[in-house]
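Participant: I have a structure I would like to understand better, so I am pasting it below and will then ask my questions one at a time.
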Amino acid sequence: MSVTKQVCLWGLCALLGCRALPRTPAGVLARLEAQPAGHLTGTLAALGPPMVLNREDFVWDARPSPDGTRVALSRLGMRAFHLTVFSLAAPAKPLVDVAVNPVEFNVEALDWSPDGAVIATASRDRSVRLFDAAQGAMRSQWLTDEALTTVAFHPRGELLAVGSAKGLVTVLRWPELAFVAEVRAHRDEVSGLAWAASGELFSSSWDRTVAVWRVEDGEAPVRGSRAAFERKAGLQLFRAVLDGRASASFVVDARVPVVVVRGALAQAAGLDVTSLTETVTIATAAGPQLVPLARARTVTLKGLTLTGLDLAVCDACVPQDAQAVLGQAALERLEVATDAVAGEYVFTPRAGAPGLVASSARQVVRRRVLSFEGSVNDVTVDAAGATLGLALSEAKAERTKAVYDREKRREVEPERPWDCAARVDAGTGQVLERFGGHRGVVSTAAVSPDGRALVSGGWDKKVLLHRGAEAQVESPFGWALRRVRFSRDGRRVVVAAWTPQNPLNDHQSDPAAVVYEARYLDDASVAP
């Protein structure tokens with residue numbers, strides 16, 4: 001039988017709910033229930049009938065919880081992006097549904113902490129936020145220098161990685177979201193991040209590479225730091241952290257003798273202003289101001305911390321669009337240069353200056369780079385860290401006006417060799433299997449925990465389960481696919497789609513978030 005006929009038959013079978021679809025042996029599922037850390041392995045033959053969680057919104061990301069009992073969505077509602085959590089045991093009503101940020105800033109990605117207690121979101125507004133997975137309350141947030149596109153928790157440790165639209169990978173420590181290290185990992189957008197159990201971090205990009213990193217301990221040398229600035233009302237605003245607790249917008253001004261902060265920022269950093277007994281005089285547009293002074297505070301510029309600083313608290317002394325001023329006392333310890341091309345301040349420690357320490361002894365060290373013939377739009381890694389699942393395309397997966405116009409005209413993309421999904425050796429970058437079946441951009445791909453099967457999604461509105469030369473087609477989607485992911489135990493596949501919103505009547509549209517049961521043949525077993 002030809003591959004085309006096989007695809008059609010499997011697709012028809014899936015859509016009609018054919019009785020021939022296999023079921024994972026009940027005994028194997030019972031053993032999986034008894035081994036919470038285990039995962040299914042064997043021949044993945046089919047995806048079962050879909051459980052639809054959402055058919056009203058554009059869904060940007062959908063991720064199963066570590067125990068496989070819940071699914072978290074980043075969805076675009078009518079007025080804001082929402083973080084929504086469903087229980088698969090009772091999916092009719094969400095457990096959590098909270099607004100995350102306004103519609104103009106895409107919440108591109110989310111991920112669960114290893115214990116399932118926290119959900120991290122990454123947004124184009126440059127923020128990474130941590131939410132309580134049970135209640136939806138925001139626990140903490142960190143504002144980075146660049147628009148964020150992806151986020152991933154380390155599977156065992158205290159680290160969280162985020163990737164930017166300009167190729168920057170930043171590693172943070174959580175739950176306090178403190179800076180650890182960063183690296184300009186790619187020449188284009190970071191499209192995916194995946195941690196292996198070994199601690200290797202895989203980052204994919206539209207620059208046609210997957211880079212492999214490891215966070216390593218060092219001797220904490222005191223290095224310089226770079227901070228991107230934003231021009232606003234004649235100011236150059238950059239981010240720094242006060243007393244290790246409060247991230248804020250700073251400006252540089254050598255005319256101010258000390259570091260000056262607004263009262264709200266001092267409070268956020270845990271400073272009791274009412275207890276301050278010392279004062280200092282600060283010049284303002286309204287004349288000299290006698291303001292409270294705190295001693296021995298810290299300001300952190302990513303990997304560089306200035307300690308023992310004098311800090312004045314004065315709202316009238318800080319420009320309107322800023323929260324703090326980095327004054328002369330700090331600048332005496334730093335050389336400050338401006339990289340106009342990159343839009344960054346460059347802070348270099350002055351030789352012999354006191355009170356300069358490294359914020360973190362860790363570094364992001366590149367291990368290897370894997371190169372491909374197409375843009376890499378997504379990356380996942382199996383439980384052993386041995387096999388990657390990649391989504392690739394000959395053109396970047398960039399949603400431009402030309403793309404939307406072509407889709408409105410219902411033009412069918414030609415078949416191109418590198419519009420495909422692939423299983424790849426994580427150590428060497430060798431393509432083990434390359435799977436076609438999509439027309440146009442393959443936007444997402446997920447490798448099964450045992451590394452043997454691959455599920456992919458594309459802008460052609462299809463989800464494909466690849467089994468060697470065969471593919472099962474699932475096509476209940478009305479728009480481009482955004483994300484596919486296996487649950488950690490391999491039992492389910494979660495799918496997110498950019499489904500057009502319906503402003504009429506009950507607002508119901510095509511499925512936008514779907515959960516499939518992954519069905520294995522009789523050779524299935526449970527791997528530890």
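To be explicit about the labels: the chains of the structure tokens are called A, B, and onward in the order shown, and within each one the residues are counted from 1, while ligands get numbers from 1 in the order they are shown.
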Residues of stretch 39-251 of chain A in strand (DSSP E or B) according to DSSP, as a PyMOL selection string?
Facilitator: chain A and resi 39-41+44-47+51-54+58-64+70-76+80-87+96-102+107-112+118-123+127-132+138-143+148-153+159-164+168-173+178-184+190-195+200-205+209-217+225-232+235-242+246-251
Participant: Neighbours of A:Glu230 within 10 Å (only C-alpha atoms; same-chain residues fewer than 2 positions away dropped), as number ranges by chain?
Facilitator: A: 145, 227-228, 232-239, 249, 343-344
Participant: Take the selection from the previous step and output its residues with all heavy atoms, as a short mmCIF file (atom, residue, chain, number, x, y, z; two decimals), in the first residue's frame.
Facilitator:
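As written to disk, again.cif reads:
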```cif
data_model
loop_
_atom_site.label_atom_id
_atom_site.label_comp_id
_atom_site.auth_asym_id
_atom_site.auth_seq_id
_atom_site.Cartn_x
_atom_site.Cartn_y
_atom_site.Cartn_z
N ASP A 145 15.43 41.83 29.31
CA ASP A 145 15.77 42.89 28.37
C ASP A 145 15.04 42.78 27.04
O ASP A 145 14.94 43.76 26.31
CB ASP A 145 17.28 42.88 28.09
CG ASP A 145 18.09 43.36 29.28
OD1 ASP A 145 17.51 43.99 30.17
OD2 ASP A 145 19.31 43.11 29.31
N ALA A 227 23.28 45.73 29.92
CA ALA A 227 21.85 45.88 30.20
C ALA A 227 21.21 46.66 29.06
O ALA A 227 21.63 47.79 28.77
CB ALA A 227 21.63 46.61 31.52
N ALA A 228 20.26 46.05 28.41
CA ALA A 228 19.55 46.73 27.32
C ALA A 228 18.75 47.90 27.88
O ALA A 228 18.20 47.83 28.99
CB ALA A 228 18.62 45.76 26.60
N LYS A 232 12.69 56.39 26.39
CA LYS A 232 11.35 56.86 26.71
C LYS A 232 11.44 58.26 27.28
O LYS A 232 12.13 58.49 28.29
CB LYS A 232 10.69 55.91 27.72
CG LYS A 232 9.20 56.18 27.94
CD LYS A 232 8.59 55.09 28.81
CE LYS A 232 7.10 55.30 28.97
NZ LYS A 232 6.49 54.23 29.81
N ALA A 233 10.75 59.21 26.64
CA ALA A 233 10.69 60.60 27.12
C ALA A 233 12.07 61.18 27.37
O ALA A 233 12.31 61.86 28.37
CB ALA A 233 9.83 60.67 28.37
N GLY A 234 13.01 60.88 26.45
CA GLY A 234 14.36 61.42 26.56
C GLY A 234 15.25 60.67 27.52
O GLY A 234 16.42 61.04 27.71
N LEU A 235 14.76 59.60 28.14
CA LEU A 235 15.54 58.79 29.09
C LEU A 235 15.96 57.49 28.45
O LEU A 235 15.35 57.02 27.49
CB LEU A 235 14.71 58.50 30.33
CG LEU A 235 14.15 59.69 31.11
CD1 LEU A 235 13.25 59.20 32.23
CD2 LEU A 235 15.28 60.55 31.66
N GLN A 236 17.02 56.90 28.99
CA GLN A 236 17.43 55.56 28.62
C GLN A 236 17.24 54.68 29.86
O GLN A 236 18.05 54.69 30.78
CB GLN A 236 18.88 55.54 28.13
CG GLN A 236 19.06 56.27 26.82
CD GLN A 236 20.45 56.17 26.24
OE1 GLN A 236 20.68 56.47 25.08
NE2 GLN A 236 21.42 55.75 27.04
N LEU A 237 16.15 53.91 29.86
CA LEU A 237 15.77 53.10 31.01
C LEU A 237 16.34 51.70 30.89
O LEU A 237 16.27 51.08 29.82
CB LEU A 237 14.24 53.01 31.11
CG LEU A 237 13.48 54.35 31.19
CD1 LEU A 237 11.98 54.09 31.09
CD2 LEU A 237 13.81 55.08 32.47
N PHE A 238 16.89 51.17 31.98
CA PHE A 238 17.39 49.79 31.99
C PHE A 238 16.94 49.13 33.29
O PHE A 238 16.53 49.80 34.25
CB PHE A 238 18.91 49.76 31.86
CG PHE A 238 19.65 50.34 33.04
CD1 PHE A 238 20.14 49.53 34.05
CD2 PHE A 238 19.86 51.72 33.14
CE1 PHE A 238 20.80 50.06 35.15
CE2 PHE A 238 20.53 52.26 34.23
CZ PHE A 238 21.00 51.44 35.23
N ARG A 239 17.03 47.80 33.32
CA ARG A 239 16.56 47.06 34.48
C ARG A 239 17.71 46.72 35.42
O ARG A 239 18.79 46.34 34.99
CB ARG A 239 15.87 45.76 34.06
CG ARG A 239 14.74 45.91 33.09
CD ARG A 239 13.61 46.73 33.62
NE ARG A 239 12.93 46.13 34.76
CZ ARG A 239 11.82 46.62 35.28
NH1 ARG A 239 11.25 47.69 34.77
NH2 ARG A 239 11.25 46.04 36.32
N SER A 249 13.05 49.87 36.87
CA SER A 249 13.61 50.68 35.79
C SER A 249 14.51 51.76 36.37
O SER A 249 14.05 52.61 37.13
CB SER A 249 12.49 51.33 34.97
OG SER A 249 11.68 50.36 34.36
N GLY A 343 21.86 48.81 21.58
CA GLY A 343 20.92 49.43 22.50
C GLY A 343 21.14 48.98 23.93
O GLY A 343 20.20 48.69 24.66
N GLU A 344 22.42 48.95 24.35
CA GLU A 344 22.76 48.43 25.67
C GLU A 344 23.75 49.35 26.38
O GLU A 344 24.61 49.97 25.75
CB GLU A 344 23.39 47.04 25.56
CG GLU A 344 22.46 45.97 25.04
CD GLU A 344 23.16 44.63 24.88
OE1 GLU A 344 24.39 44.61 24.69
OE2 GLU A 344 22.47 43.60 24.96
#
```
Participant: Between A:Arg208, A:Arg124, A:Arg70, A:Lys93, which one has atoms that come closest to A:Glu394, using only C-alpha atoms?
Facilitator: A:Arg208
Participant: Each residue of stretch 203-278 of chain A with at least one atom at most 7 Å from stretch 358-375 of chain A should appear once, together with its nearest atom pair and the corresponding distance in Å (one decimal); atoms considered: only C-alpha atoms; ordering: chain, then increasing residue number; output as CSV.
Facilitator:
```
residue,atom,partner,partner_atom,distance
A:Ser205,CA,A:Ser375,CA,6.8
A:Trp206,CA,A:Ser375,CA,4.5
A:Asp207,CA,A:Ser375,CA,6.0
A:Arg208,CA,A:Ser375,CA,4.3
A:Thr209,CA,A:Ser371,CA,4.5
A:Val210,CA,A:Leu370,CA,5.0
A:Ala211,CA,A:Val369,CA,4.4
A:Val212,CA,A:Arg368,CA,5.3
A:Trp213,CA,A:Arg366,CA,4.5
A:Arg214,CA,A:Val365,CA,5.3
A:Val215,CA,A:Val364,CA,4.6
A:Glu216,CA,A:Arg362,CA,5.4
A:Asp217,CA,A:Arg362,CA,4.4
A:Gly218,CA,A:Ala361,CA,5.1
A:Glu219,CA,A:Ala361,CA,5.9
A:Ala220,CA,A:Ala361,CA,3.9
A:Pro221,CA,A:Ala358,CA,6.3
A:Val222,CA,A:Ala358,CA,4.9
```
Participant: Looking at A:Leu301, A:Ala286, A:Ala512, A:Cys314, which one is nearest to A:Leu356, with distances taken over only C-alpha atoms?
Facilitator: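 Going through A:Leu301, A:Ala286, A:Ala512, A:Cys314 one by one, the smallest distance to A:Leu356 is for A:Leu301.
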Participant: Excluding A:Asp125 and any residue of its chain fewer than 5 positions from it, enumerate the residues within 12 Å of it, using only C-alpha atoms, and give them as a short mmCIF file (atom, residue, chain, number, x, y, z; two decimals) with N, CA, C and O atoms, in the first residue's frame.
Facilitator:
```cif
data_model
loop_
_atom_site.label_atom_id
_atom_site.label_comp_id
_atom_site.auth_asym_id
_atom_site.auth_seq_id
_atom_site.Cartn_x
_atom_site.Cartn_y
_atom_site.Cartn_z
N PHE A 81 -4.69 38.02 27.55
CA PHE A 81 -4.21 36.64 27.60
C PHE A 81 -4.54 36.05 28.96
O PHE A 81 -4.47 36.74 30.00
N VAL A 100 -3.41 37.27 32.42
CA VAL A 100 -1.96 37.34 32.59
C VAL A 100 -1.43 38.70 32.15
O VAL A 100 -0.72 39.37 32.88
N ASN A 101 -1.75 39.12 30.93
CA ASN A 101 -1.37 40.45 30.48
C ASN A 101 -2.22 40.84 29.27
O ASN A 101 -2.88 40.00 28.66
N PRO A 102 -2.19 42.13 28.88
CA PRO A 102 -3.08 42.61 27.82
C PRO A 102 -2.81 41.95 26.48
O PRO A 102 -1.76 41.36 26.24
N VAL A 103 -3.78 42.11 25.59
CA VAL A 103 -3.74 41.41 24.31
C VAL A 103 -2.57 41.83 23.43
O VAL A 103 -2.16 41.09 22.55
N GLU A 104 -2.01 43.02 23.64
CA GLU A 104 -0.96 43.47 22.73
C GLU A 104 0.37 42.76 22.96
O GLU A 104 1.30 42.92 22.18
N PHE A 105 0.48 41.96 24.05
CA PHE A 105 1.72 41.24 24.32
C PHE A 105 1.43 39.75 24.41
O PHE A 105 0.82 39.28 25.37
N ASN A 106 1.88 39.00 23.41
CA ASN A 106 1.61 37.57 23.37
C ASN A 106 2.27 36.84 24.52
O ASN A 106 3.46 37.04 24.80
N VAL A 107 1.52 35.98 25.19
CA VAL A 107 2.09 35.06 26.17
C VAL A 107 2.48 33.82 25.37
O VAL A 107 1.68 32.92 25.14
N GLU A 108 3.71 33.80 24.92
CA GLU A 108 4.17 32.84 23.93
C GLU A 108 4.25 31.42 24.45
O GLU A 108 4.06 30.47 23.71
N GLN A 141 7.75 37.78 39.48
CA GLN A 141 7.98 38.05 38.08
C GLN A 141 9.36 38.69 37.90
O GLN A 141 9.91 39.26 38.83
N TRP A 142 9.89 38.55 36.69
CA TRP A 142 11.18 39.11 36.34
C TRP A 142 11.04 39.73 34.96
O TRP A 142 10.56 39.07 34.03
N LEU A 143 11.46 40.97 34.83
CA LEU A 143 11.40 41.64 33.54
C LEU A 143 12.78 41.56 32.88
O LEU A 143 13.76 42.07 33.42
N THR A 144 12.85 40.91 31.74
CA THR A 144 14.11 40.73 31.03
C THR A 144 14.33 41.90 30.06
O THR A 144 13.51 42.80 29.94
N ASP A 145 15.43 41.83 29.31
CA ASP A 145 15.77 42.89 28.37
C ASP A 145 15.04 42.78 27.04
O ASP A 145 14.94 43.76 26.31
N GLU A 146 14.57 41.59 26.69
CA GLU A 146 14.05 41.35 25.34
C GLU A 146 12.74 40.59 25.39
O GLU A 146 12.43 39.89 26.37
N ALA A 147 11.95 40.71 24.32
CA ALA A 147 10.69 39.97 24.20
C ALA A 147 10.96 38.47 24.31
O ALA A 147 11.86 37.94 23.66
N LEU A 148 10.17 37.78 25.13
CA LEU A 148 10.40 36.36 25.40
C LEU A 148 9.51 35.49 24.53
O LEU A 148 8.35 35.81 24.27
N THR A 149 10.08 34.34 24.13
CA THR A 149 9.37 33.44 23.22
C THR A 149 9.22 32.03 23.76
O THR A 149 8.39 31.27 23.26
N SER A 164 14.69 34.45 24.04
CA SER A 164 14.17 35.72 23.55
C SER A 164 14.01 35.72 22.03
O SER A 164 14.53 34.86 21.32
N ALA A 165 13.33 36.77 21.55
CA ALA A 165 13.11 36.94 20.11
C ALA A 165 14.39 37.35 19.39
O ALA A 165 14.44 37.31 18.15
#
```
Participant: What are the nearest atom pairs, with distances in Å to one decimal, for all residues of stretch 29-57 of chain A that come at most 12 Å from stretch 433-453 of chain A, using only C-alpha atoms, set out by chain and rising residue number as JSON lines?
Facilitator:
```
{"residue": "A:Ala37", "atom": "CA", "partner": "A:Pro449", "partner_atom": "CA", "distance": 11.6}
{"residue": "A:Gly38", "atom": "CA", "partner": "A:Pro449", "partner_atom": "CA", "distance": 9.7}
{"residue": "A:His39", "atom": "CA", "partner": "A:Pro449", "partner_atom": "CA", "distance": 6.7}
{"residue": "A:Leu40", "atom": "CA", "partner": "A:Asp450", "partner_atom": "CA", "distance": 7.1}
{"residue": "A:Thr41", "atom": "CA", "partner": "A:Asp450", "partner_atom": "CA", "distance": 5.4}
{"residue": "A:Gly42", "atom": "CA", "partner": "A:Arg452", "partner_atom": "CA", "distance": 7.7}
{"residue": "A:Thr43", "atom": "CA", "partner": "A:Arg452", "partner_atom": "CA", "distance": 7.7}
{"residue": "A:Leu44", "atom": "CA", "partner": "A:Ala453", "partner_atom": "CA", "distance": 6.5}
{"residue": "A:Ala45", "atom": "CA", "partner": "A:Ala453", "partner_atom": "CA", "distance": 9.1}
{"residue": "A:Ala46", "atom": "CA", "partner": "A:Ala453", "partner_atom": "CA", "distance": 10.5}
{"residue": "A:Leu47", "atom": "CA", "partner": "A:Ala453", "partner_atom": "CA", "distance": 11.7}
```
Participant: So how far away is atom CA of A:Leu242 from atom CA of A:Ala316, in Å?
Facilitator: 18.7 Å
